[in-house]
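run04.cif, holding mmCIF, C-alpha atoms and all ligand atoms:
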data_query
loop_
_atom_site.label_atom_id
_atom_site.label_comp_id
_atom_site.auth_asym_id
_atom_site.auth_seq_id
_atom_site.Cartn_x
_atom_site.Cartn_y
_atom_site.Cartn_z
CA MET A 30 5.97 -18.31 -12.06
CA LYS A 31 5.98 -14.50 -12.13
CA THR A 32 3.74 -12.69 -9.69
CA VAL A 33 2.79 -9.02 -9.57
CA VAL A 34 1.41 -7.62 -6.31
CA LEU A 35 -0.41 -4.30 -6.06
CA ALA A 36 0.18 -2.95 -2.58
CA GLY A 37 -0.59 -0.05 -0.28
CA GLY A 38 1.32 0.34 2.97
CA VAL A 39 0.98 -1.86 6.00
CA GLY A 40 -1.51 -4.46 4.66
CA GLY A 41 0.36 -4.34 1.37
CA GLY A 42 3.72 -4.85 3.02
CA ARG A 43 2.54 -7.76 5.13
CA PHE A 44 1.08 -9.46 2.09
CA ALA A 45 4.12 -8.77 -0.09
CA ARG A 46 6.23 -10.41 2.58
CA ALA A 47 3.85 -13.37 2.69
CA VAL A 48 4.28 -13.83 -1.07
CA VAL A 49 8.08 -13.63 -1.11
CA GLU A 50 8.27 -16.12 1.76
CA SER A 51 6.42 -18.59 -0.48
CA VAL A 52 7.98 -18.08 -3.94
CA PRO A 53 11.44 -16.90 -5.03
CA PRO A 54 11.54 -13.17 -4.14
CA ALA A 55 13.16 -12.28 -7.46
CA ASP A 56 10.09 -13.63 -9.31
CA VAL A 57 7.85 -11.04 -7.65
CA THR A 58 7.20 -7.42 -8.62
CA VAL A 59 5.41 -5.17 -6.15
CA VAL A 60 3.70 -2.10 -7.59
CA GLY A 61 3.32 0.48 -4.82
CA ASN A 62 1.05 3.42 -4.09
CA VAL A 63 2.43 6.96 -4.25
CA GLY A 64 -0.85 8.81 -3.61
CA ASP A 65 0.15 9.11 0.09
CA ASP A 66 3.51 10.77 -0.69
CA LEU A 67 4.22 14.09 0.97
CA GLU A 68 6.92 16.56 1.91
CA VAL A 69 7.84 16.59 5.59
CA LEU A 70 10.30 19.27 6.74
CA GLY A 71 11.60 19.51 3.18
CA LEU A 72 11.98 15.77 2.67
CA HIS A 73 10.13 13.59 0.19
CA VAL A 74 8.40 10.81 2.10
CA SER A 75 6.76 7.83 0.36
CA PRO A 76 5.03 6.13 3.30
CA ASP A 77 3.50 3.22 1.39
CA LEU A 78 6.63 2.37 -0.61
CA ASP A 79 8.60 2.50 2.62
CA SER A 80 6.18 0.25 4.49
CA VAL A 81 6.59 -2.35 1.75
CA LEU A 82 10.34 -1.85 1.61
CA TYR A 83 10.75 -2.28 5.37
CA ALA A 84 8.46 -5.33 5.35
CA LEU A 85 10.36 -6.98 2.48
CA ALA A 86 13.67 -6.26 4.19
CA GLY A 87 12.36 -7.54 7.54
CA LEU A 88 13.04 -4.12 9.08
CA ASN A 89 9.48 -3.10 9.86
CA ASP A 90 8.25 -2.48 13.39
CA GLU A 91 5.63 -5.17 14.02
CA GLU A 92 4.37 -3.74 17.30
CA ARG A 93 3.92 -0.12 16.30
CA GLY A 94 2.56 -1.35 12.98
CA TRP A 95 4.40 1.23 10.88
CA GLY A 96 7.94 2.50 10.35
CA ARG A 97 11.26 0.87 11.13
CA ALA A 98 12.09 -1.37 14.03
CA ASP A 99 14.69 -0.23 16.61
CA GLU A 100 13.74 3.34 15.92
CA THR A 101 14.82 6.40 17.92
CA TRP A 102 13.28 9.87 17.79
CA GLN A 103 16.04 12.37 18.56
CA ALA A 104 15.79 14.37 15.33
CA ARG A 105 12.01 14.69 15.73
CA ASP A 106 12.36 15.81 19.36
CA ALA A 107 15.04 18.34 18.47
CA ALA A 108 12.99 19.71 15.56
CA THR A 109 9.86 19.95 17.75
CA GLU A 110 11.79 21.83 20.45
CA LEU A 111 12.77 24.30 17.76
CA GLY A 112 9.17 24.86 16.72
CA ALA A 113 8.96 22.59 13.67
CA GLU A 114 5.71 20.81 12.86
CA SER A 115 5.73 17.24 14.13
CA TRP A 116 2.34 15.71 13.35
CA PHE A 117 3.92 13.40 10.78
CA GLN A 118 6.38 11.37 12.81
CA LEU A 119 9.70 10.34 11.32
CA GLY A 120 12.18 8.29 13.32
CA ASP A 121 15.92 8.76 13.05
CA ARG A 122 16.61 5.67 10.93
CA ASP A 123 13.60 6.39 8.76
CA LEU A 124 14.90 9.95 8.30
CA GLY A 125 18.13 8.56 6.91
CA LEU A 126 16.16 6.93 4.10
CA HIS A 127 14.22 10.13 3.39
CA LEU A 128 17.46 12.12 3.23
CA ALA A 129 18.96 9.67 0.74
CA ARG A 130 15.82 9.63 -1.40
CA THR A 131 15.24 13.38 -1.35
CA GLU A 132 18.81 14.11 -2.36
CA ALA A 133 18.56 11.66 -5.28
CA LEU A 134 15.23 13.10 -6.45
CA ARG A 135 16.71 16.62 -6.35
CA ARG A 136 19.56 15.36 -8.55
CA GLY A 137 16.90 14.29 -11.04
CA GLU A 138 16.81 10.57 -10.40
CA PRO A 139 13.27 9.20 -10.97
CA LEU A 140 11.45 7.81 -7.93
CA SER A 141 11.43 4.33 -9.49
CA ALA A 142 15.23 4.34 -9.85
CA VAL A 143 15.76 5.62 -6.31
CA THR A 144 13.34 3.01 -4.93
CA ALA A 145 15.11 0.20 -6.79
CA ARG A 146 18.44 1.39 -5.41
CA LEU A 147 17.16 1.58 -1.85
CA ALA A 148 15.68 -1.91 -2.15
CA ARG A 149 18.97 -3.35 -3.37
CA ALA A 150 20.83 -1.57 -0.59
CA PHE A 151 18.54 -3.34 1.90
CA GLY A 152 19.23 -6.68 0.22
CA VAL A 153 15.72 -6.95 -1.21
CA GLU A 154 15.61 -9.10 -4.37
CA THR A 155 12.00 -8.34 -5.18
CA ASP A 156 11.33 -5.51 -7.64
CA LEU A 157 9.54 -2.70 -5.83
CA VAL A 158 8.19 -0.17 -8.32
CA PRO A 159 6.08 2.93 -7.67
CA ALA A 160 2.92 2.99 -9.79
CA THR A 161 4.25 6.15 -11.44
CA ASP A 162 7.24 8.48 -11.38
CA ASP A 163 4.91 11.38 -12.07
CA ARG A 164 3.24 13.43 -9.38
CA LEU A 165 0.05 11.74 -8.17
CA ARG A 166 -1.62 12.82 -4.92
CA THR A 167 -4.72 11.57 -3.15
CA TRP A 168 -7.30 14.07 -1.89
CA VAL A 169 -10.21 13.12 0.33
CA ALA A 170 -13.61 14.84 0.32
CA THR A 171 -15.03 15.08 3.85
CA PRO A 172 -17.79 17.03 5.62
CA VAL A 173 -15.12 19.58 6.69
CA GLY A 174 -13.91 20.04 3.11
CA GLU A 175 -11.33 18.42 0.88
CA LEU A 176 -8.20 17.34 2.72
CA SER A 177 -4.86 16.11 1.45
CA PHE A 178 -4.47 12.41 2.19
CA GLN A 179 -2.07 12.74 5.11
CA GLU A 180 -3.89 15.72 6.60
CA TRP A 181 -6.96 13.46 6.78
CA PHE A 182 -5.22 10.21 7.67
CA VAL A 183 -2.48 11.21 10.08
CA ARG A 184 -3.09 14.77 11.24
CA ARG A 185 -6.83 14.28 11.84
CA GLY A 186 -6.53 10.52 12.56
CA HIS A 187 -9.00 9.65 9.73
CA ARG A 188 -11.88 10.69 11.99
CA ASP A 189 -13.71 12.51 9.18
CA GLU A 190 -16.14 10.47 7.10
CA VAL A 191 -15.14 10.18 3.45
CA ASP A 192 -17.53 11.25 0.71
CA GLY A 193 -15.14 10.70 -2.17
CA VAL A 194 -11.51 10.47 -3.22
CA ARG A 195 -9.63 12.21 -6.01
CA PHE A 196 -6.23 11.35 -7.45
CA GLU A 197 -4.60 14.59 -8.52
CA GLY A 198 -2.33 14.03 -11.52
CA ALA A 199 -3.62 10.53 -12.29
CA ASP A 200 -4.89 11.52 -15.74
CA GLN A 201 -1.44 12.55 -16.91
CA ALA A 202 0.55 10.04 -14.88
CA ARG A 203 2.36 7.38 -16.87
CA PRO A 204 3.12 3.97 -15.40
CA ALA A 205 6.67 3.87 -14.03
CA PRO A 206 9.24 1.92 -16.09
CA GLY A 207 8.74 -1.79 -15.58
CA VAL A 208 5.12 -1.69 -14.41
CA LEU A 209 3.46 -2.56 -17.71
CA ALA A 210 6.09 -5.14 -18.62
CA ALA A 211 5.60 -6.82 -15.25
CA LEU A 212 1.81 -6.90 -15.68
CA GLU A 213 2.13 -8.23 -19.24
CA GLY A 214 4.63 -10.90 -18.23
CA ALA A 215 2.80 -11.97 -15.07
CA ASP A 216 1.42 -15.46 -14.49
CA LEU A 217 -0.62 -14.13 -11.59
CA ILE A 218 -1.65 -10.64 -10.49
CA ALA A 219 -2.55 -10.23 -6.82
CA ILE A 220 -4.09 -7.21 -5.13
CA ALA A 221 -2.98 -7.05 -1.50
CA PRO A 222 -5.49 -6.66 1.35
CA SER A 223 -4.93 -2.91 1.23
CA ASN A 224 -7.48 -0.13 1.40
CA PRO A 225 -9.30 -0.40 -1.98
CA PHE A 226 -10.10 3.32 -2.12
CA VAL A 227 -6.93 5.08 -1.03
CA SER A 228 -4.18 2.46 -1.42
CA ILE A 229 -5.14 0.46 -4.53
CA GLY A 230 -7.38 3.17 -6.04
CA PRO A 231 -4.48 5.52 -6.84
CA ILE A 232 -2.52 2.70 -8.51
CA LEU A 233 -5.47 1.74 -10.70
CA GLY A 234 -6.09 5.46 -11.23
CA VAL A 235 -3.07 5.52 -13.56
CA ALA A 236 -4.81 5.02 -16.91
CA GLY A 237 -2.10 2.80 -18.39
CA ILE A 238 -2.19 0.47 -15.39
CA ARG A 239 -5.97 0.18 -15.43
CA GLU A 240 -5.87 -0.61 -19.17
CA ALA A 241 -3.20 -3.26 -18.64
CA PHE A 242 -5.50 -4.80 -16.03
CA GLU A 243 -8.46 -4.76 -18.37
CA HIS A 244 -6.40 -6.48 -21.08
CA ARG A 245 -4.59 -8.87 -18.75
CA THR A 246 -3.95 -12.44 -19.80
CA ALA A 247 -2.98 -13.60 -16.28
CA PRO A 248 -5.64 -14.25 -13.64
CA ALA A 249 -6.05 -11.47 -11.11
CA VAL A 250 -7.06 -12.10 -7.53
CA ALA A 251 -7.66 -9.62 -4.71
CA VAL A 252 -7.38 -10.33 -1.00
CA SER A 253 -10.08 -8.70 1.10
CA PRO A 254 -8.81 -6.38 3.86
CA LEU A 255 -11.88 -7.25 5.91
CA ILE A 256 -12.26 -9.93 8.53
CA GLY A 257 -15.83 -10.37 9.71
CA GLY A 258 -16.79 -7.15 7.96
CA ARG A 259 -14.18 -5.16 9.93
CA THR A 260 -10.74 -3.93 9.01
CA VAL A 261 -7.76 -5.22 10.92
CA ARG A 262 -6.90 -1.54 11.33
CA GLY A 263 -7.67 1.67 9.50
CA PRO A 264 -10.75 3.19 7.91
CA ALA A 265 -11.47 0.84 4.97
CA ASP A 266 -14.59 -0.63 6.64
CA ARG A 267 -16.09 2.79 7.35
CA MET A 268 -15.28 3.88 3.80
CA LEU A 269 -16.86 0.77 2.31
CA ALA A 270 -20.00 1.27 4.40
CA ARG A 271 -20.36 4.88 3.31
CA LEU A 272 -19.12 4.74 -0.28
CA ALA A 273 -20.20 1.23 -1.30
CA GLY A 274 -23.18 0.59 0.99
CA GLY A 275 -21.81 -2.29 3.05
CA THR A 276 -18.80 -4.12 4.45
CA GLY A 277 -19.15 -7.55 2.88
CA PRO A 278 -17.22 -9.40 0.16
CA ALA A 279 -19.63 -8.05 -2.49
CA GLN A 280 -18.64 -4.47 -1.69
CA VAL A 281 -14.93 -5.29 -1.77
CA ALA A 282 -15.36 -7.12 -5.09
CA GLY A 283 -17.34 -4.14 -6.36
CA CYS A 284 -14.27 -1.93 -5.91
CA TYR A 285 -12.46 -4.13 -8.46
CA LYS A 286 -15.29 -4.71 -10.93
CA GLY A 287 -13.96 -6.13 -14.20
CA LEU A 288 -10.42 -6.14 -12.80
CA ILE A 289 -10.31 -9.39 -10.79
CA ASP A 290 -11.24 -13.01 -11.42
CA ALA A 291 -11.49 -14.07 -7.78
CA LEU A 292 -11.58 -12.64 -4.27
CA VAL A 293 -9.86 -14.22 -1.29
CA ILE A 294 -12.02 -13.76 1.80
CA ASP A 295 -11.75 -14.73 5.42
CA GLU A 296 -13.68 -17.67 6.89
CA ALA A 297 -15.57 -15.12 8.96
CA ASP A 298 -17.06 -13.62 5.78
CA ALA A 299 -17.72 -16.90 3.97
CA ASP A 300 -21.50 -17.00 4.32
CA GLU A 301 -21.98 -13.81 2.33
CA ASP A 302 -22.34 -13.77 -1.45
CA ALA A 303 -19.51 -11.94 -3.18
CA GLY A 304 -20.96 -12.05 -6.68
CA ILE A 305 -17.62 -13.43 -7.88
CA ARG A 306 -15.58 -16.58 -7.37
CA THR A 307 -14.24 -16.64 -3.81
CA ILE A 308 -11.42 -18.49 -2.13
CA VAL A 309 -12.00 -18.90 1.59
CA THR A 310 -9.16 -19.11 4.07
CA ARG A 311 -7.99 -17.46 7.25
CA THR A 312 -6.58 -14.13 6.12
CA LEU A 313 -5.08 -12.63 9.30
CA MET A 314 -1.29 -12.44 8.80
CA SER A 315 -0.11 -12.59 12.39
CA ASP A 316 2.92 -14.85 11.96
CA ARG A 317 4.89 -16.77 9.38
CA ASP A 318 2.48 -19.72 9.28
CA SER A 319 -0.56 -17.56 8.76
CA ARG A 320 1.26 -15.53 6.09
CA ARG A 321 2.17 -18.73 4.28
CA ARG A 322 -1.37 -20.08 4.43
CA LEU A 323 -2.72 -16.90 2.86
CA ALA A 324 -0.01 -16.73 0.20
CA GLU A 325 -0.63 -20.33 -0.78
CA ALA A 326 -4.37 -19.75 -1.06
CA VAL A 327 -3.61 -16.89 -3.44
CA LEU A 328 -0.74 -18.48 -5.37
CA GLY A 329 -2.43 -21.88 -5.60
CA LEU A 330 -4.95 -20.55 -8.06
CA PRO A 331 -4.98 -22.58 -11.26
CA VAL A 332 -3.14 -20.49 -13.84
P1 LIG B 401 -1.77 1.62 4.72
O1 LIG B 401 -1.47 2.17 3.37
O2 LIG B 401 -0.58 1.60 5.63
O3 LIG B 401 -3.01 2.19 5.34
O4 LIG B 401 -2.07 0.08 4.50
P2 LIG B 401 -2.84 -0.72 3.40
O5 LIG B 401 -3.86 0.07 2.66
O6 LIG B 401 -1.87 -1.50 2.60
O7 LIG B 401 -3.54 -1.77 4.33
C1 LIG B 401 -4.58 -1.40 5.21
C2 LIG B 401 -5.55 -2.55 5.26
O8 LIG B 401 -4.83 -3.74 5.55
C3 LIG B 401 -6.60 -2.41 6.33
O9 LIG B 401 -7.86 -2.27 5.71
C4 LIG B 401 -6.49 -3.73 7.10
O10 LIG B 401 -7.75 -4.29 7.37
C5 LIG B 401 -5.71 -4.61 6.17
N1 LIG B 401 -4.90 -5.60 6.84
C6 LIG B 401 -3.85 -5.40 7.67
N2 LIG B 401 -3.37 -6.56 8.13
C7 LIG B 401 -4.15 -7.54 7.57
C8 LIG B 401 -4.15 -8.94 7.67
O11 LIG B 401 -3.35 -9.55 8.37
N3 LIG B 401 -5.11 -9.62 6.95
C9 LIG B 401 -6.03 -8.96 6.18
N4 LIG B 401 -6.93 -9.66 5.49
N5 LIG B 401 -6.05 -7.61 6.06
C10 LIG B 401 -5.12 -6.92 6.76
CA CA B 402 -1.25 4.19 2.59
#
In structure tokens, what does this structure look like?
Ligand code: GDP
Ligand code: CA
Amino acid sequence: MKTVVLAGGVGGGRFARAVVESVPPADVTVVGNVGDDLEVLGLHVSPDLDSVLYALAGLNDEERGWGRADETWQARDAATELGAESWFQLGDRDLGLHLARTEALRRGEPLSAVTARLARAFGVETDLVPATDDRLRTWVATPVGELSFQEWFVRRGHRDEVDGVRFEGADQARPAPGVLAALEGADLIAIAPSNPFVSIGPILGVAGIREAFEHRTAPAVAVSPLIGGRTVRGPADRMLARLAGGTGPAQVAGCYKGLIDALVIDEADADEDAGIRTIVTRTLMSDRDSRRRLAEAVLGLPV
């Protein structure tokens, strides 16, 4: 059984890990978000791809919730002492990855090829593919003006309310090699419990990917990032309230109208109508058992 997972960063990485702990990792393709990508001190950083990569490789820092485990911060401290900007934190080990990727991109290697190479180097058997090799960047409209994704999310700590999102470059962006073939050959397509607007939105913003979804032959199921109407972390609940008018299963399903056949929701949200077929389970991925339970609820769908 071939599974495709659409994933953002932390929620996406946790869920991708849950899936590959339950089925052979090589039978899974993860399509990752690049709308969060940015340059930091001259380096190309792909935060969401890296969150998934570290999670799949078992190298992610569970406590901090982002980045690599066993991290040190000497390069950041040295750069800060010398007057460099440091609002986007990169640890020393993480920096090593960004150096390797940036050098490869400058040589002309596409992001998808670099990502595949990094994944293999970490011993990851799952295919991790960026949604596109083309430039696609998320912008967020707020009461203080339009902000680049990371300016809003990290620099300003996503304190500004969001009035809309825009995916610069999405119109021209082509799906990265392997994305359409994976979607066409899938037995199941799963959307991770990632932020629907700024993690999954930019992936589905690539016209070719959205069309492949609309013409899919495999069932597609999304996992809600909400538990009891609240996010585990991050601004998805506030965004749903403001942009979709509520924080229930119906609003999550509404983000994927016409693109999913079922929504996996938490027991805490089960008494609300989603307007679509729901699968109810406990969706908090706090350990291996809870990851497995969620993955099985998703993968157990009749195909
Ligand atoms: P980011 O790109 O790093 O912000 O991460 P994602 O967009 O992939 O994931 C963020 C979302 O993951 C948040 O809305 C969280 O509520 C959700 N999330 C994180 N952990 C869990 C979990 O264990 N269960 C569920 N259902 N959602 C989770
Ligand atoms: Ca993200």
Taking all atoms listed in the file into account, which of A:Ala211, A:Leu35, A:Ile218, A:Val194 comes nearest A:Leu272?
A:Val194
Neighbours of A:Arg259 within 12 Å (all atoms listed in the file; same-chain residues fewer than 2 positions away dropped), as a ChimeraX atom specification?
/A:224,253-257,261-270,275-278,281,295,297-298,313
Which residues of chain A have any atom within 7 Å of an atom in ligand CA 402 (chain B) when counting only C-alpha atoms and all ligand atoms, and what is the closest pair of atoms for each, with the distance in Å to one decimal? Order the rows by chain and rising number and write it as JSON lines.
{"residue": "A:Gly37", "atom": "CA", "partner": "B:CA402", "partner_atom": "CA", "distance": 5.2}
{"residue": "A:Gly38", "atom": "CA", "partner": "B:CA402", "partner_atom": "CA", "distance": 4.6}
{"residue": "A:Asp65", "atom": "CA", "partner": "B:CA402", "partner_atom": "CA", "distance": 5.7}
{"residue": "A:Pro76", "atom": "CA", "partner": "B:CA402", "partner_atom": "CA", "distance": 6.6}
{"residue": "A:Asp77", "atom": "CA", "partner": "B:CA402", "partner_atom": "CA", "distance": 5.0}
{"residue": "A:Val227", "atom": "CA", "partner": "B:CA402", "partner_atom": "CA", "distance": 6.8}
{"residue": "A:Ser228", "atom": "CA", "partner": "B:CA402", "partner_atom": "CA", "distance": 5.3}
How far is it from atom CA of A:Asp300 to atom CA of A:Met314, in Å with one decimal?
21.2 Å
To one decimal place in Å, what is the distance between atom CA of A:Arg322 and atom CA of A:Ala299?
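According to the coordinates, atom CA of A:Arg322 and atom CA of A:Ala299 are separated by 16.7 Å.
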Separation of atom CA of A:Ala199 from atom CA of A:Ile229, in Å and rounded to one decimal
12.8 Å
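Restricting the calculation to only C-alpha atoms and all ligand atoms, the smallest distance between ligand LIG 401 (chain B) and any of A:Gly329, A:Gly112, A:Gly193, A:Pro222 is found for A:Pro222.
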Would you give the centre and edge lengths, in Å to one decimal, of a box along x, y and z around the listed atoms of stretch 58-75 of chain A, with 8 Å added to each side, as lines of an AutoDock Vina configuration file?
center_x = 5.6
center_y = 6.0
center_z = -0.9
size_x = 28.8
size_y = 42.9
size_z = 31.4
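With distances taken over all atoms listed in the file, A:Asp316 is the one residue among A:Asp302, A:Glu325, A:Asp316, A:Asp290 lying closest to ligand LIG 401 (chain B).
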Of A:Leu126, A:Leu78, A:Gln118, A:Val153, the one nearest to A:Ser141 when counting only C-alpha atoms is A:Leu78
With all atoms listed in the file as the basis for distance, which of A:Ser115, A:Asn89, A:Thr109, A:Ser319 is at the shortest distance from ligand LIG 401 (chain B)?
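Nearest to ligand LIG 401 (chain B): A:Ser319.
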Reconstructed N, CA and C atoms for stretch 280-307 of chain A, given as a PDB file, keeping the file's coordinate frame:
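For reference, selection33.pdb as written:
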ATOM      1  N   GLN A 280     -19.069  -5.868  -1.569  1.00  0.00           N
ATOM      2  CA  GLN A 280     -18.640  -4.470  -1.690  1.00  0.00           C
ATOM      3  C   GLN A 280     -17.157  -4.379  -2.012  1.00  0.00           C
ATOM      4  N   VAL A 281     -16.367  -5.291  -1.439  1.00  0.00           N
ATOM      5  CA  VAL A 281     -14.930  -5.290  -1.770  1.00  0.00           C
ATOM      6  C   VAL A 281     -14.759  -5.649  -3.245  1.00  0.00           C
ATOM      7  N   ALA A 282     -15.457  -6.719  -3.676  1.00  0.00           N
ATOM      8  CA  ALA A 282     -15.360  -7.120  -5.090  1.00  0.00           C
ATOM      9  C   ALA A 282     -15.806  -5.990  -5.996  1.00  0.00           C
ATOM     10  N   GLY A 283     -16.820  -5.246  -5.551  1.00  0.00           N
ATOM     11  CA  GLY A 283     -17.340  -4.140  -6.360  1.00  0.00           C
ATOM     12  C   GLY A 283     -16.296  -3.060  -6.623  1.00  0.00           C
ATOM     13  N   CYS A 284     -15.345  -2.912  -5.711  1.00  0.00           N
ATOM     14  CA  CYS A 284     -14.270  -1.930  -5.910  1.00  0.00           C
ATOM     15  C   CYS A 284     -13.372  -2.338  -7.068  1.00  0.00           C
ATOM     16  N   TYR A 285     -13.376  -3.616  -7.417  1.00  0.00           N
ATOM     17  CA  TYR A 285     -12.460  -4.130  -8.460  1.00  0.00           C
ATOM     18  C   TYR A 285     -13.233  -4.731  -9.629  1.00  0.00           C
ATOM     19  N   LYS A 286     -14.412  -4.176  -9.871  1.00  0.00           N
ATOM     20  CA  LYS A 286     -15.290  -4.710 -10.930  1.00  0.00           C
ATOM     21  C   LYS A 286     -14.566  -4.788 -12.272  1.00  0.00           C
ATOM     22  N   GLY A 287     -14.587  -5.956 -12.886  1.00  0.00           N
ATOM     23  CA  GLY A 287     -13.960  -6.130 -14.200  1.00  0.00           C
ATOM     24  C   GLY A 287     -12.442  -6.275 -14.130  1.00  0.00           C
ATOM     25  N   LEU A 288     -11.879  -6.144 -12.926  1.00  0.00           N
ATOM     26  CA  LEU A 288     -10.420  -6.140 -12.800  1.00  0.00           C
ATOM     27  C   LEU A 288      -9.884  -7.387 -12.107  1.00  0.00           C
ATOM     28  N   ILE A 289     -10.772  -8.166 -11.472  1.00  0.00           N
ATOM     29  CA  ILE A 289     -10.310  -9.390 -10.790  1.00  0.00           C
ATOM     30  C   ILE A 289     -11.159 -10.581 -11.211  1.00  0.00           C
ATOM     31  N   ASP A 290     -10.555 -11.766 -11.074  1.00  0.00           N
ATOM     32  CA  ASP A 290     -11.240 -13.010 -11.420  1.00  0.00           C
ATOM     33  C   ASP A 290     -11.685 -13.767 -10.170  1.00  0.00           C
ATOM     34  N   ALA A 291     -11.117 -13.413  -9.030  1.00  0.00           N
ATOM     35  CA  ALA A 291     -11.490 -14.070  -7.780  1.00  0.00           C
ATOM     36  C   ALA A 291     -11.138 -13.173  -6.606  1.00  0.00           C
ATOM     37  N   LEU A 292     -11.827 -13.398  -5.492  1.00  0.00           N
ATOM     38  CA  LEU A 292     -11.580 -12.640  -4.270  1.00  0.00           C
ATOM     39  C   LEU A 292     -11.282 -13.622  -3.142  1.00  0.00           C
ATOM     40  N   VAL A 293     -10.187 -13.406  -2.453  1.00  0.00           N
ATOM     41  CA  VAL A 293      -9.860 -14.220  -1.290  1.00  0.00           C
ATOM     42  C   VAL A 293     -10.498 -13.564  -0.074  1.00  0.00           C
ATOM     43  N   ILE A 294     -11.342 -14.322   0.621  1.00  0.00           N
ATOM     44  CA  ILE A 294     -12.020 -13.760   1.800  1.00  0.00           C
ATOM     45  C   ILE A 294     -11.737 -14.614   3.019  1.00  0.00           C
ATOM     46  N   ASP A 295     -11.970 -14.013   4.166  1.00  0.00           N
ATOM     47  CA  ASP A 295     -11.750 -14.730   5.420  1.00  0.00           C
ATOM     48  C   ASP A 295     -12.928 -15.665   5.710  1.00  0.00           C
ATOM     49  N   GLU A 296     -12.631 -16.723   6.456  1.00  0.00           N
ATOM     50  CA  GLU A 296     -13.680 -17.670   6.890  1.00  0.00           C
ATOM     51  C   GLU A 296     -14.850 -16.927   7.548  1.00  0.00           C
ATOM     52  N   ALA A 297     -14.532 -15.865   8.253  1.00  0.00           N
ATOM     53  CA  ALA A 297     -15.570 -15.120   8.960  1.00  0.00           C
ATOM     54  C   ALA A 297     -16.550 -14.420   8.027  1.00  0.00           C
ATOM     55  N   ASP A 298     -16.179 -14.293   6.745  1.00  0.00           N
ATOM     56  CA  ASP A 298     -17.060 -13.620   5.780  1.00  0.00           C
ATOM     57  C   ASP A 298     -17.647 -14.585   4.768  1.00  0.00           C
ATOM     58  N   ALA A 299     -17.448 -15.907   5.014  1.00  0.00           N
ATOM     59  CA  ALA A 299     -17.720 -16.900   3.970  1.00  0.00           C
ATOM     60  C   ALA A 299     -19.194 -17.091   3.665  1.00  0.00           C
ATOM     61  N   ASP A 300     -20.080 -16.734   4.599  1.00  0.00           N
ATOM     62  CA  ASP A 300     -21.500 -17.000   4.320  1.00  0.00           C
ATOM     63  C   ASP A 300     -22.167 -15.883   3.521  1.00  0.00           C
ATOM     64  N   GLU A 301     -21.385 -14.885   3.134  1.00  0.00           N
ATOM     65  CA  GLU A 301     -21.980 -13.810   2.330  1.00  0.00           C
ATOM     66  C   GLU A 301     -21.630 -13.999   0.867  1.00  0.00           C
ATOM     67  N   ASP A 302     -22.554 -13.633  -0.013  1.00  0.00           N
ATOM     68  CA  ASP A 302     -22.340 -13.770  -1.450  1.00  0.00           C
ATOM     69  C   ASP A 302     -21.458 -12.616  -1.942  1.00  0.00           C
ATOM     70  N   ALA A 303     -20.410 -12.972  -2.668  1.00  0.00           N
ATOM     71  CA  ALA A 303     -19.510 -11.940  -3.180  1.00  0.00           C
ATOM     72  C   ALA A 303     -19.828 -11.558  -4.621  1.00  0.00           C
ATOM     73  N   GLY A 304     -20.653 -12.334  -5.280  1.00  0.00           N
ATOM     74  CA  GLY A 304     -20.960 -12.050  -6.680  1.00  0.00           C
ATOM     75  C   GLY A 304     -19.803 -12.359  -7.615  1.00  0.00           C
ATOM     76  N   ILE A 305     -18.809 -13.074  -7.112  1.00  0.00           N
ATOM     77  CA  ILE A 305     -17.620 -13.430  -7.880  1.00  0.00           C
ATOM     78  C   ILE A 305     -17.057 -14.683  -7.230  1.00  0.00           C
ATOM     79  N   ARG A 306     -16.200 -15.395  -7.964  1.00  0.00           N
ATOM     80  CA  ARG A 306     -15.580 -16.580  -7.370  1.00  0.00           C
ATOM     81  C   ARG A 306     -14.805 -16.197  -6.107  1.00  0.00           C
ATOM     82  N   THR A 307     -14.992 -16.949  -5.033  1.00  0.00           N
ATOM     83  CA  THR A 307     -14.240 -16.640  -3.810  1.00  0.00           C
ATOM     84  C   THR A 307     -13.366 -17.821  -3.421  1.00  0.00           C
TER      85      THR A 307
END
